[in-house]
Each structure stands twice: as C-alpha cells, then as structure tokens.
$ cat upload25.txt   # compact mmCIF, N, CA and C atoms
# COMPACT_ATOMS: atom_id res chain seq x y z
N MET A 231 149.80 -109.89 -6.52
CA MET A 231 148.60 -109.28 -5.96
C MET A 231 148.14 -110.05 -4.72
N GLU A 232 148.44 -111.34 -4.67
CA GLU A 232 148.06 -112.11 -3.49
C GLU A 232 148.74 -111.55 -2.24
N GLN A 233 149.98 -111.11 -2.37
CA GLN A 233 150.67 -110.53 -1.22
C GLN A 233 150.04 -109.19 -0.82
N ALA A 234 149.59 -108.42 -1.79
CA ALA A 234 148.90 -107.16 -1.48
C ALA A 234 147.58 -107.45 -0.77
N LEU A 235 146.87 -108.48 -1.20
CA LEU A 235 145.62 -108.86 -0.53
C LEU A 235 145.90 -109.31 0.90
N SER A 236 147.00 -110.00 1.11
CA SER A 236 147.38 -110.41 2.47
C SER A 236 147.65 -109.19 3.33
N GLN A 237 148.31 -108.19 2.77
CA GLN A 237 148.55 -106.94 3.49
C GLN A 237 147.22 -106.25 3.81
N ALA A 238 146.28 -106.29 2.89
CA ALA A 238 144.97 -105.68 3.13
C ALA A 238 144.25 -106.36 4.29
N ARG A 239 144.39 -107.68 4.37
CA ARG A 239 143.78 -108.41 5.48
C ARG A 239 144.43 -108.01 6.82
N GLU A 240 145.73 -107.76 6.80
CA GLU A 240 146.41 -107.29 8.01
C GLU A 240 145.88 -105.91 8.42
N ALA A 241 145.65 -105.05 7.44
CA ALA A 241 145.08 -103.73 7.73
C ALA A 241 143.72 -103.88 8.39
N GLU A 242 142.90 -104.75 7.83
CA GLU A 242 141.56 -104.97 8.38
C GLU A 242 141.64 -105.46 9.83
N ALA A 243 142.55 -106.38 10.09
CA ALA A 243 142.71 -106.92 11.45
C ALA A 243 143.13 -105.83 12.43
N ALA A 244 143.80 -104.80 11.92
CA ALA A 244 144.25 -103.69 12.76
C ALA A 244 143.22 -102.57 12.84
N GLY A 245 142.05 -102.77 12.24
CA GLY A 245 141.01 -101.75 12.26
C GLY A 245 141.18 -100.67 11.22
N GLU A 246 142.04 -100.92 10.25
CA GLU A 246 142.29 -99.96 9.17
C GLU A 246 141.47 -100.33 7.94
N VAL A 247 141.24 -99.37 7.06
CA VAL A 247 140.60 -99.67 5.79
C VAL A 247 141.49 -100.70 5.07
N PRO A 248 140.93 -101.82 4.62
CA PRO A 248 141.74 -102.92 4.10
C PRO A 248 142.30 -102.66 2.69
N VAL A 249 143.41 -101.96 2.67
CA VAL A 249 144.14 -101.73 1.43
C VAL A 249 145.58 -102.15 1.69
N GLY A 250 146.10 -102.96 0.78
CA GLY A 250 147.48 -103.42 0.89
C GLY A 250 148.24 -103.15 -0.39
N ALA A 251 149.56 -103.02 -0.26
CA ALA A 251 150.40 -102.73 -1.42
C ALA A 251 151.73 -103.46 -1.30
N VAL A 252 152.29 -103.79 -2.45
CA VAL A 252 153.59 -104.45 -2.55
C VAL A 252 154.33 -103.82 -3.71
N LEU A 253 155.60 -103.45 -3.49
CA LEU A 253 156.43 -102.88 -4.55
C LEU A 253 157.45 -103.94 -4.96
N VAL A 254 157.54 -104.18 -6.25
CA VAL A 254 158.40 -105.24 -6.78
C VAL A 254 159.41 -104.64 -7.76
N GLN A 255 160.65 -105.15 -7.67
CA GLN A 255 161.69 -104.76 -8.61
C GLN A 255 162.47 -106.02 -8.98
N ASP A 256 162.63 -106.23 -10.27
CA ASP A 256 163.35 -107.42 -10.75
C ASP A 256 162.81 -108.70 -10.15
N GLY A 257 161.49 -108.78 -10.04
CA GLY A 257 160.85 -109.99 -9.53
C GLY A 257 160.90 -110.19 -8.04
N GLU A 258 161.47 -109.25 -7.30
CA GLU A 258 161.57 -109.37 -5.85
C GLU A 258 160.77 -108.28 -5.16
N VAL A 259 160.10 -108.65 -4.07
CA VAL A 259 159.39 -107.66 -3.26
C VAL A 259 160.42 -106.83 -2.52
N ILE A 260 160.37 -105.51 -2.71
CA ILE A 260 161.31 -104.64 -2.01
C ILE A 260 160.63 -103.88 -0.86
N ALA A 261 159.31 -103.85 -0.86
CA ALA A 261 158.57 -103.23 0.24
C ALA A 261 157.13 -103.69 0.18
N ALA A 262 156.52 -103.82 1.35
CA ALA A 262 155.11 -104.21 1.45
C ALA A 262 154.51 -103.47 2.63
N GLY A 263 153.22 -103.18 2.53
CA GLY A 263 152.57 -102.50 3.64
C GLY A 263 151.08 -102.38 3.42
N HIS A 264 150.44 -101.77 4.39
CA HIS A 264 148.99 -101.60 4.33
C HIS A 264 148.62 -100.27 4.96
N ASN A 265 147.37 -99.88 4.76
CA ASN A 265 146.89 -98.63 5.34
C ASN A 265 147.15 -98.61 6.83
N ALA A 266 147.54 -97.42 7.33
CA ALA A 266 147.81 -97.25 8.76
C ALA A 266 147.39 -95.86 9.23
N SER A 267 146.52 -95.21 8.50
CA SER A 267 146.12 -93.83 8.84
C SER A 267 145.49 -93.72 10.21
N VAL A 268 144.63 -94.66 10.56
CA VAL A 268 143.92 -94.60 11.84
C VAL A 268 144.89 -94.74 13.00
N GLY A 269 145.67 -95.80 12.99
CA GLY A 269 146.60 -96.07 14.07
C GLY A 269 147.73 -95.06 14.17
N ALA A 270 148.17 -94.55 13.03
CA ALA A 270 149.29 -93.59 13.02
C ALA A 270 148.80 -92.15 13.20
N HIS A 271 147.49 -91.96 13.17
CA HIS A 271 146.92 -90.60 13.23
C HIS A 271 147.53 -89.74 12.13
N ASP A 272 147.59 -90.32 10.93
CA ASP A 272 148.29 -89.70 9.82
C ASP A 272 147.49 -89.88 8.53
N PRO A 273 146.91 -88.81 8.01
CA PRO A 273 146.11 -88.95 6.80
C PRO A 273 146.91 -89.38 5.58
N SER A 274 148.23 -89.27 5.65
CA SER A 274 149.04 -89.69 4.51
C SER A 274 149.54 -91.13 4.63
N ALA A 275 149.17 -91.85 5.67
CA ALA A 275 149.67 -93.21 5.89
C ALA A 275 148.86 -94.24 5.10
N HIS A 276 148.71 -93.98 3.81
CA HIS A 276 148.08 -94.95 2.91
C HIS A 276 149.11 -96.02 2.57
N ALA A 277 148.64 -97.19 2.17
CA ALA A 277 149.53 -98.31 1.86
C ALA A 277 150.60 -97.91 0.85
N GLU A 278 150.19 -97.21 -0.21
CA GLU A 278 151.14 -96.84 -1.26
C GLU A 278 152.25 -95.93 -0.74
N ILE A 279 151.87 -94.96 0.06
CA ILE A 279 152.84 -94.00 0.60
C ILE A 279 153.83 -94.71 1.52
N LEU A 280 153.33 -95.58 2.38
CA LEU A 280 154.20 -96.30 3.31
C LEU A 280 155.18 -97.20 2.56
N VAL A 281 154.71 -97.83 1.51
CA VAL A 281 155.57 -98.70 0.70
C VAL A 281 156.64 -97.86 -0.02
N LEU A 282 156.26 -96.73 -0.58
CA LEU A 282 157.24 -95.87 -1.26
C LEU A 282 158.29 -95.36 -0.27
N ARG A 283 157.84 -94.99 0.93
CA ARG A 283 158.79 -94.51 1.94
C ARG A 283 159.81 -95.60 2.29
N GLU A 284 159.32 -96.81 2.51
CA GLU A 284 160.21 -97.91 2.88
C GLU A 284 161.19 -98.22 1.74
N ALA A 285 160.70 -98.28 0.53
CA ALA A 285 161.58 -98.56 -0.62
C ALA A 285 162.60 -97.45 -0.80
N GLY A 286 162.19 -96.21 -0.62
CA GLY A 286 163.12 -95.09 -0.73
C GLY A 286 164.22 -95.18 0.30
N ARG A 287 163.86 -95.54 1.53
CA ARG A 287 164.87 -95.71 2.59
C ARG A 287 165.85 -96.83 2.22
N GLN A 288 165.31 -97.93 1.75
CA GLN A 288 166.16 -99.07 1.41
C GLN A 288 167.12 -98.74 0.26
N HIS A 289 166.62 -98.00 -0.70
CA HIS A 289 167.43 -97.67 -1.89
C HIS A 289 168.16 -96.34 -1.75
N THR A 290 167.97 -95.67 -0.64
CA THR A 290 168.52 -94.32 -0.40
C THR A 290 168.31 -93.41 -1.59
N ASN A 291 167.09 -93.49 -2.13
CA ASN A 291 166.72 -92.67 -3.27
C ASN A 291 165.20 -92.57 -3.32
N TYR A 292 164.68 -91.38 -3.55
CA TYR A 292 163.23 -91.24 -3.65
C TYR A 292 162.70 -91.67 -5.01
N ARG A 293 163.57 -91.87 -5.96
CA ARG A 293 163.14 -92.35 -7.28
C ARG A 293 163.30 -93.86 -7.33
N LEU A 294 162.28 -94.51 -7.85
CA LEU A 294 162.23 -95.97 -7.86
C LEU A 294 161.93 -96.50 -9.26
N PRO A 295 162.77 -96.17 -10.24
CA PRO A 295 162.52 -96.63 -11.61
C PRO A 295 162.60 -98.15 -11.70
N GLY A 296 161.90 -98.71 -12.65
CA GLY A 296 161.94 -100.14 -12.86
C GLY A 296 161.13 -100.93 -11.85
N THR A 297 160.25 -100.25 -11.12
CA THR A 297 159.44 -100.94 -10.12
C THR A 297 157.99 -101.06 -10.56
N THR A 298 157.31 -102.02 -9.97
CA THR A 298 155.88 -102.21 -10.18
C THR A 298 155.21 -102.19 -8.82
N LEU A 299 154.17 -101.39 -8.69
CA LEU A 299 153.39 -101.37 -7.46
C LEU A 299 152.10 -102.15 -7.68
N TYR A 300 151.88 -103.14 -6.80
CA TYR A 300 150.63 -103.90 -6.77
C TYR A 300 149.85 -103.36 -5.58
N VAL A 301 148.62 -102.92 -5.80
CA VAL A 301 147.81 -102.37 -4.72
C VAL A 301 146.37 -102.84 -4.91
N THR A 302 145.69 -103.09 -3.82
CA THR A 302 144.36 -103.69 -3.89
C THR A 302 143.28 -102.71 -4.31
N LEU A 303 143.51 -101.42 -4.13
CA LEU A 303 142.52 -100.40 -4.50
C LEU A 303 143.21 -99.34 -5.36
N GLU A 304 142.51 -98.88 -6.36
CA GLU A 304 143.04 -97.82 -7.22
C GLU A 304 143.52 -96.64 -6.37
N PRO A 305 144.71 -96.15 -6.63
CA PRO A 305 145.26 -95.05 -5.82
C PRO A 305 144.42 -93.78 -5.88
N CYS A 306 144.42 -93.06 -4.75
CA CYS A 306 143.79 -91.74 -4.66
C CYS A 306 144.72 -90.71 -5.31
N PRO A 307 144.28 -89.46 -5.44
CA PRO A 307 145.15 -88.44 -6.04
C PRO A 307 146.49 -88.26 -5.30
N MET A 308 146.48 -88.29 -3.97
CA MET A 308 147.73 -88.14 -3.23
C MET A 308 148.71 -89.26 -3.59
N CYS A 309 148.23 -90.48 -3.56
CA CYS A 309 149.09 -91.62 -3.84
C CYS A 309 149.53 -91.66 -5.30
N ALA A 310 148.62 -91.33 -6.19
CA ALA A 310 148.97 -91.29 -7.61
C ALA A 310 150.08 -90.28 -7.87
N GLY A 311 149.98 -89.11 -7.24
CA GLY A 311 151.03 -88.11 -7.37
C GLY A 311 152.35 -88.60 -6.85
N ALA A 312 152.33 -89.32 -5.73
CA ALA A 312 153.57 -89.86 -5.17
C ALA A 312 154.17 -90.91 -6.09
N LEU A 313 153.34 -91.72 -6.73
CA LEU A 313 153.85 -92.72 -7.67
C LEU A 313 154.55 -92.06 -8.85
N VAL A 314 153.98 -90.97 -9.33
CA VAL A 314 154.60 -90.21 -10.42
C VAL A 314 155.94 -89.64 -9.95
N GLN A 315 155.95 -89.01 -8.78
CA GLN A 315 157.18 -88.42 -8.25
C GLN A 315 158.27 -89.47 -8.04
N ALA A 316 157.88 -90.68 -7.64
CA ALA A 316 158.84 -91.76 -7.39
C ALA A 316 159.31 -92.43 -8.67
N ARG A 317 158.69 -92.09 -9.78
CA ARG A 317 159.04 -92.68 -11.08
C ARG A 317 158.80 -94.19 -11.12
N VAL A 318 157.75 -94.63 -10.40
CA VAL A 318 157.35 -96.04 -10.48
C VAL A 318 156.98 -96.31 -11.94
N GLU A 319 157.41 -97.45 -12.46
CA GLU A 319 157.19 -97.74 -13.87
C GLU A 319 155.79 -98.25 -14.17
N ARG A 320 155.30 -99.10 -13.28
CA ARG A 320 154.04 -99.80 -13.57
C ARG A 320 153.18 -99.87 -12.33
N LEU A 321 151.88 -99.73 -12.53
CA LEU A 321 150.89 -99.83 -11.47
C LEU A 321 149.91 -100.94 -11.83
N VAL A 322 149.71 -101.87 -10.89
CA VAL A 322 148.72 -102.93 -11.05
C VAL A 322 147.79 -102.81 -9.85
N TYR A 323 146.50 -102.59 -10.12
CA TYR A 323 145.58 -102.47 -8.99
C TYR A 323 144.37 -103.37 -9.16
N GLY A 324 143.74 -103.64 -8.02
CA GLY A 324 142.57 -104.51 -7.99
C GLY A 324 141.29 -103.77 -8.24
N ALA A 325 140.64 -103.31 -7.18
CA ALA A 325 139.33 -102.65 -7.28
C ALA A 325 139.47 -101.20 -7.72
N ALA A 326 138.58 -100.78 -8.59
CA ALA A 326 138.50 -99.37 -8.98
C ALA A 326 137.87 -98.58 -7.83
N ASP A 327 138.24 -97.31 -7.74
CA ASP A 327 137.67 -96.43 -6.71
C ASP A 327 136.79 -95.39 -7.41
N PRO A 328 135.46 -95.60 -7.39
CA PRO A 328 134.57 -94.69 -8.12
C PRO A 328 134.45 -93.30 -7.51
N ARG A 329 134.98 -93.10 -6.31
CA ARG A 329 134.90 -91.79 -5.66
C ARG A 329 136.17 -90.97 -5.82
N ALA A 330 137.33 -91.62 -5.78
CA ALA A 330 138.58 -90.86 -5.78
C ALA A 330 139.68 -91.52 -6.60
N GLY A 331 139.35 -92.48 -7.43
CA GLY A 331 140.37 -93.18 -8.19
C GLY A 331 141.13 -92.25 -9.13
N ALA A 332 142.46 -92.30 -9.03
CA ALA A 332 143.29 -91.38 -9.80
C ALA A 332 144.18 -92.10 -10.81
N ALA A 333 143.74 -93.30 -11.22
CA ALA A 333 144.46 -94.04 -12.25
C ALA A 333 143.51 -94.37 -13.39
N GLY A 334 142.56 -93.46 -13.64
CA GLY A 334 141.66 -93.61 -14.77
C GLY A 334 140.19 -93.58 -14.45
N THR A 335 139.78 -93.87 -13.21
CA THR A 335 138.35 -93.94 -12.91
C THR A 335 137.73 -92.55 -12.75
N VAL A 336 138.28 -91.72 -11.90
CA VAL A 336 137.78 -90.35 -11.71
C VAL A 336 138.78 -89.35 -12.30
N PHE A 337 140.03 -89.55 -11.96
CA PHE A 337 141.14 -88.75 -12.48
C PHE A 337 142.11 -89.71 -13.16
N ASP A 338 143.07 -89.17 -13.90
CA ASP A 338 144.10 -90.03 -14.47
C ASP A 338 145.46 -89.38 -14.29
N ILE A 339 145.81 -89.17 -13.04
CA ILE A 339 147.07 -88.51 -12.70
C ILE A 339 148.26 -89.33 -13.18
N VAL A 340 148.19 -90.64 -13.05
CA VAL A 340 149.35 -91.48 -13.36
C VAL A 340 149.67 -91.53 -14.85
N ARG A 341 148.75 -91.08 -15.69
CA ARG A 341 149.00 -91.06 -17.14
C ARG A 341 148.80 -89.68 -17.74
N SER A 342 148.83 -88.66 -16.91
CA SER A 342 148.57 -87.30 -17.38
C SER A 342 149.71 -86.81 -18.28
N PRO A 343 149.38 -86.33 -19.47
CA PRO A 343 150.42 -85.78 -20.35
C PRO A 343 151.00 -84.47 -19.81
N ALA A 344 150.35 -83.88 -18.82
CA ALA A 344 150.85 -82.63 -18.23
C ALA A 344 152.04 -82.88 -17.30
N LEU A 345 152.23 -84.14 -16.90
CA LEU A 345 153.32 -84.46 -15.97
C LEU A 345 154.51 -85.05 -16.73
N ASN A 346 155.67 -85.03 -16.08
CA ASN A 346 156.88 -85.48 -16.76
C ASN A 346 157.13 -86.98 -16.67
N HIS A 347 156.25 -87.70 -16.01
CA HIS A 347 156.38 -89.16 -15.94
C HIS A 347 154.98 -89.76 -15.97
N ARG A 348 154.86 -90.85 -16.68
CA ARG A 348 153.59 -91.56 -16.75
C ARG A 348 153.84 -93.04 -16.45
N LEU A 349 152.84 -93.67 -15.81
CA LEU A 349 152.96 -95.08 -15.46
C LEU A 349 152.16 -95.94 -16.43
N GLU A 350 152.63 -97.13 -16.61
CA GLU A 350 151.87 -98.16 -17.30
C GLU A 350 150.86 -98.67 -16.26
N VAL A 351 149.61 -98.88 -16.65
CA VAL A 351 148.57 -99.26 -15.69
C VAL A 351 147.87 -100.54 -16.14
N GLU A 352 147.70 -101.45 -15.19
CA GLU A 352 146.89 -102.64 -15.39
C GLU A 352 145.85 -102.66 -14.27
N ALA A 353 144.59 -102.58 -14.65
CA ALA A 353 143.50 -102.48 -13.67
C ALA A 353 142.73 -103.79 -13.58
N GLY A 354 142.11 -104.01 -12.42
CA GLY A 354 141.18 -105.11 -12.27
C GLY A 354 141.76 -106.45 -11.89
N VAL A 355 143.03 -106.50 -11.48
CA VAL A 355 143.64 -107.77 -11.09
C VAL A 355 143.15 -108.14 -9.69
N CYS A 356 142.51 -109.28 -9.58
CA CYS A 356 141.89 -109.74 -8.31
C CYS A 356 140.89 -108.70 -7.79
N ALA A 357 140.23 -108.03 -8.71
CA ALA A 357 139.32 -106.93 -8.35
C ALA A 357 138.20 -107.38 -7.43
N GLU A 358 137.61 -108.52 -7.68
CA GLU A 358 136.47 -108.96 -6.86
C GLU A 358 136.91 -109.25 -5.43
N ALA A 359 138.05 -109.90 -5.26
CA ALA A 359 138.55 -110.20 -3.91
C ALA A 359 138.85 -108.91 -3.16
N ALA A 360 139.48 -107.96 -3.84
CA ALA A 360 139.81 -106.67 -3.21
C ALA A 360 138.54 -105.90 -2.85
N ALA A 361 137.59 -105.88 -3.77
CA ALA A 361 136.34 -105.15 -3.53
C ALA A 361 135.55 -105.79 -2.40
N GLU A 362 135.55 -107.11 -2.32
CA GLU A 362 134.81 -107.78 -1.26
C GLU A 362 135.40 -107.48 0.12
N LEU A 363 136.71 -107.40 0.21
CA LEU A 363 137.33 -107.01 1.49
C LEU A 363 136.83 -105.64 1.93
N LEU A 364 136.78 -104.71 1.00
CA LEU A 364 136.32 -103.35 1.32
C LEU A 364 134.84 -103.34 1.68
N ARG A 365 134.02 -104.04 0.88
CA ARG A 365 132.58 -104.08 1.17
C ARG A 365 132.31 -104.66 2.54
N ALA A 366 132.97 -105.77 2.86
CA ALA A 366 132.75 -106.42 4.15
C ALA A 366 133.20 -105.51 5.30
N PHE A 367 134.31 -104.82 5.13
CA PHE A 367 134.81 -103.92 6.16
C PHE A 367 133.80 -102.81 6.45
N PHE A 368 133.32 -102.16 5.40
CA PHE A 368 132.40 -101.04 5.61
C PHE A 368 131.01 -101.52 6.04
N ARG A 369 130.60 -102.70 5.59
CA ARG A 369 129.33 -103.27 6.04
C ARG A 369 129.40 -103.51 7.55
N ALA A 370 130.50 -104.07 8.03
CA ALA A 370 130.68 -104.34 9.46
C ALA A 370 130.70 -103.03 10.26
N ARG A 371 131.26 -101.99 9.71
CA ARG A 371 131.31 -100.70 10.42
C ARG A 371 129.92 -100.07 10.52
N ARG A 372 129.10 -100.29 9.50
CA ARG A 372 127.73 -99.74 9.52
C ARG A 372 126.86 -100.49 10.52
N ASP A 373 127.12 -101.78 10.69
CA ASP A 373 126.27 -102.62 11.58
C ASP A 373 126.50 -102.36 13.03
$ encode --input "upload25.txt" --output "structure tokens"
Amino acid sequence: MEQALSQAREAEAAGEVPVGAVLVQDGEVIAAGHNASVGAHDPSAHAEILVLREAGRQHTNYRLPGTTLYVTLEPCPMCAGALVQARVERLVYGAADPRAGAAGTVFDIVRSPALNHRLEVEAGVCAEAAAELLRAFFRARRD
C-alpha cells in the first residue's frame, strides 16, 4: 500500500485527484499507476484502469488471475467492473468512498453474486493516510 500511496502523491503533483494503484502477482509489482483523467482528457484514466491496461499488455491477456490490486481509494463502479472482468483475485483499498464506492460502501460490484467472478476484499489499509491526501487535495482546490 505504501507504493500505492507514493503513486497517489505523484498524481497530486501532476494536478490529478490523488489516487494510486499497484497490481501484485506472486509478491512482485507487475504494474503501478495513478489517476490521469485530467491530463489525458480521459474519464476512464483512473489508476485502476491504467494499471489493468499495463498488466494486460505485459501478460498479453486481459485476464489477470492470481493478482492483488492495492489502491488508495475504494474503486468506483467502472473500476470495480473492470476488476471483475480482469479476474483480479484480491482487492486491498485504503479510504472508503461514501459517494461512489463499489466494493461495499455504496455498491458491492466486486462481490456481487449476479456476476461470474468475485474478489476477496480487504478495506481500510492505510485508510487515514489515503483519506488525508484526498482531503488536502480538495481543500487546496477550494481555497
């Protein structure tokens, strides 16, 4: 999660919402990234999506079984759906998203019995550090 927080800080430095993600397989980081929607002019350029794209390219497969995604903010519905489609095994996230969280807070896409794949979820890892990055970012934007 520390590497995901580092990615979130990079996003903040680039003027992006500070969310970072790291995908791990067999104890090794296979992809890392952060939000880039503003700079890329792309509403789908969330940290999770960018990490899944990179890992898919590296593995020449859109399915990523046996992986764990560490992300600083609970995934939104778009990202949660992509995690299911990629067959990510486990999701570890920091701060809950009370507006759009799709891993149990508002929706529970990643564990929906209606879908053909469900993720193991661990919430709240380094939650305060992740939440403080977001609070400080939005506080600075309001000022």
$ residues_around --input "upload25.txt" --residues "Ala312 of chain A" --least-positions-apart "4" --cutoff "8 Å" --atoms "all atoms listed in the file" --output "list in words"
Glu278, Ile279, Leu282, Cys306, Pro307, Met308, Ala316, Arg317 and Val318 of chain A
$ select_by_dssp --input "upload25.txt" --residues "segment 258-331 of chain A" --states "strand (DSSP E)" --output "list in words"
Glu258, Val259, Ile260, Ala261, Ala262, Gly263, His264, Thr297, Thr298, Leu299, Tyr300, Val301, Thr302, Leu303, Arg320, Leu321, Val322, Tyr323, Gly324 and Ala325 of chain A
$ atom_distance --input "upload25.txt" --atom1 "atom CA of Ala325 of chain A" --atom2 "atom CA of Val340 of chain A"
16.2 Å
$ residues_around --input "upload25.txt" --residues "Pro295 of chain A" --least-positions-apart "2" --cutoff "8 Å" --atoms "all atoms listed in the file" --output "list in words"
Gln255, Tyr292, Arg293, Thr297, Thr298, Ala316, Arg317, Val318, Glu319 and Arg320 of chain A
$ select_by_dssp --input "upload25.txt" --residues "chain A" --states "helix (DSSP H, G or I)" --output "JSON, numbers by chain"
{"A": [232, 233, 234, 235, 236, 237, 238, 239, 240, 241, 242, 243, 267, 268, 269, 270, 277, 278, 279, 280, 281, 282, 283, 284, 285, 286, 287, 288, 289, 307, 308, 309, 310, 311, 312, 313, 314, 315, 316, 339, 340, 341, 357, 358, 359, 360, 361, 362, 363, 364, 365, 366, 367, 368, 369, 370, 371, 372]}
$ closest_residue --input "upload25.txt" --among "A:Asp272, A:Asp256, A:Asp327, A:Glu284" --to "Gly354 of chain A" --atoms "only C-alpha atoms"
A:Asp327
$ residues_around --input "upload25.txt" --residues "Ala251 of chain A" --least-positions-apart "6" --cutoff "7 Å" --atoms "only N, CA and C atoms" --output "PyMOL selection string"
chain A and resi 233-235+237-238+261-265+277-278+281+299-302
$ residues_around --input "upload25.txt" --residues "Leu363 of chain A" --least-positions-apart "6" --cutoff "12 Å" --atoms "only C-alpha atoms" --output "count of residues only"
23
$ residues_near_point --input "upload25.txt" --point "(148.8, -100.2, -10.6)" --cutoff "6 Å" --atoms "only C-alpha atoms" --output "PyMOL selection string"
chain A and resi 299-300+321-323+351-352
$ closest_residue --input "upload25.txt" --among "A:Leu349, A:Ala361, A:Glu304, A:Gly269" --to "Ala330 of chain A" --atoms "only C-alpha atoms"
A:Glu304
$ atom_distance --input "upload25.txt" --atom1 "atom C of Ile260 of chain A" --atom2 "atom CA of Gln288 of chain A"
7.7 Å
$ atom_distance --input "upload25.txt" --atom1 "atom CA of Glu350 of chain A" --atom2 "atom CA of Ala310 of chain A"
12.2 Å
$ closest_residue --input "upload25.txt" --among "A:Val314, A:Arg365, A:Glu232, A:Pro273" --to "Asn346 of chain A" --atoms "all atoms listed in the file"
A:Val314
$ decode --input "upload25.txt" --residues "segment 311-361 of chain A" --atoms "C-alpha atoms" --output "short mmCIF file (atom, residue, chain, number, x, y, z; two decimals), in the first residue's frame"
data_model
loop_
_atom_site.label_atom_id
_atom_site.label_comp_id
_atom_site.auth_asym_id
_atom_site.auth_seq_id
_atom_site.Cartn_x
_atom_site.Cartn_y
_atom_site.Cartn_z
CA GLY A 311 -16.44 -3.79 -13.10
CA ALA A 312 -13.03 -3.83 -14.77
CA LEU A 313 -11.54 -5.69 -11.80
CA VAL A 314 -14.24 -8.34 -12.13
CA GLN A 315 -13.68 -8.62 -15.90
CA ALA A 316 -9.91 -8.95 -15.36
CA ARG A 317 -10.46 -11.72 -12.80
CA VAL A 318 -8.32 -9.96 -10.20
CA GLU A 319 -8.29 -12.23 -7.16
CA ARG A 320 -7.98 -9.75 -4.33
CA LEU A 321 -8.62 -6.06 -3.74
CA VAL A 322 -6.96 -4.12 -0.91
CA TYR A 323 -8.01 -0.50 -0.59
CA GLY A 324 -7.37 2.39 1.75
CA ALA A 325 -10.10 5.03 2.08
CA ALA A 326 -13.76 4.19 1.57
CA ASP A 327 -15.66 6.26 -0.99
CA PRO A 328 -19.01 7.26 0.54
CA ARG A 329 -20.27 8.67 -2.78
CA ALA A 330 -19.37 6.02 -5.34
CA GLY A 331 -17.58 3.16 -3.59
CA ALA A 332 -18.29 -0.10 -5.39
CA ALA A 333 -16.53 -2.54 -3.07
CA GLY A 334 -19.11 -2.48 -0.30
CA THR A 335 -19.67 1.15 0.70
CA VAL A 336 -22.37 2.22 -1.79
CA PHE A 337 -22.40 -0.72 -4.20
CA ASP A 338 -20.75 -4.12 -3.97
CA ILE A 339 -19.94 -4.94 -7.57
CA VAL A 340 -16.75 -6.83 -6.72
CA ARG A 341 -18.66 -9.36 -4.61
CA SER A 342 -21.98 -9.44 -6.45
CA PRO A 343 -23.46 -12.94 -6.69
CA ALA A 344 -25.00 -11.86 -10.02
CA LEU A 345 -21.55 -11.80 -11.62
CA ASN A 346 -19.38 -14.76 -12.59
CA HIS A 347 -16.34 -13.63 -10.59
CA ARG A 348 -16.00 -12.19 -7.13
CA LEU A 349 -12.98 -10.63 -5.43
CA GLU A 350 -11.69 -11.06 -1.93
CA VAL A 351 -11.72 -7.58 -0.34
CA GLU A 352 -9.67 -6.04 2.44
CA ALA A 353 -10.71 -2.48 3.28
CA GLY A 354 -9.15 0.27 5.35
CA VAL A 355 -5.43 -0.43 4.86
CA CYS A 356 -3.61 2.90 5.42
CA ALA A 357 -7.06 4.48 5.23
CA GLU A 358 -6.19 7.61 7.19
CA ALA A 359 -3.12 8.41 5.06
CA ALA A 360 -5.12 7.88 1.85
CA ALA A 361 -8.06 9.93 3.10
#
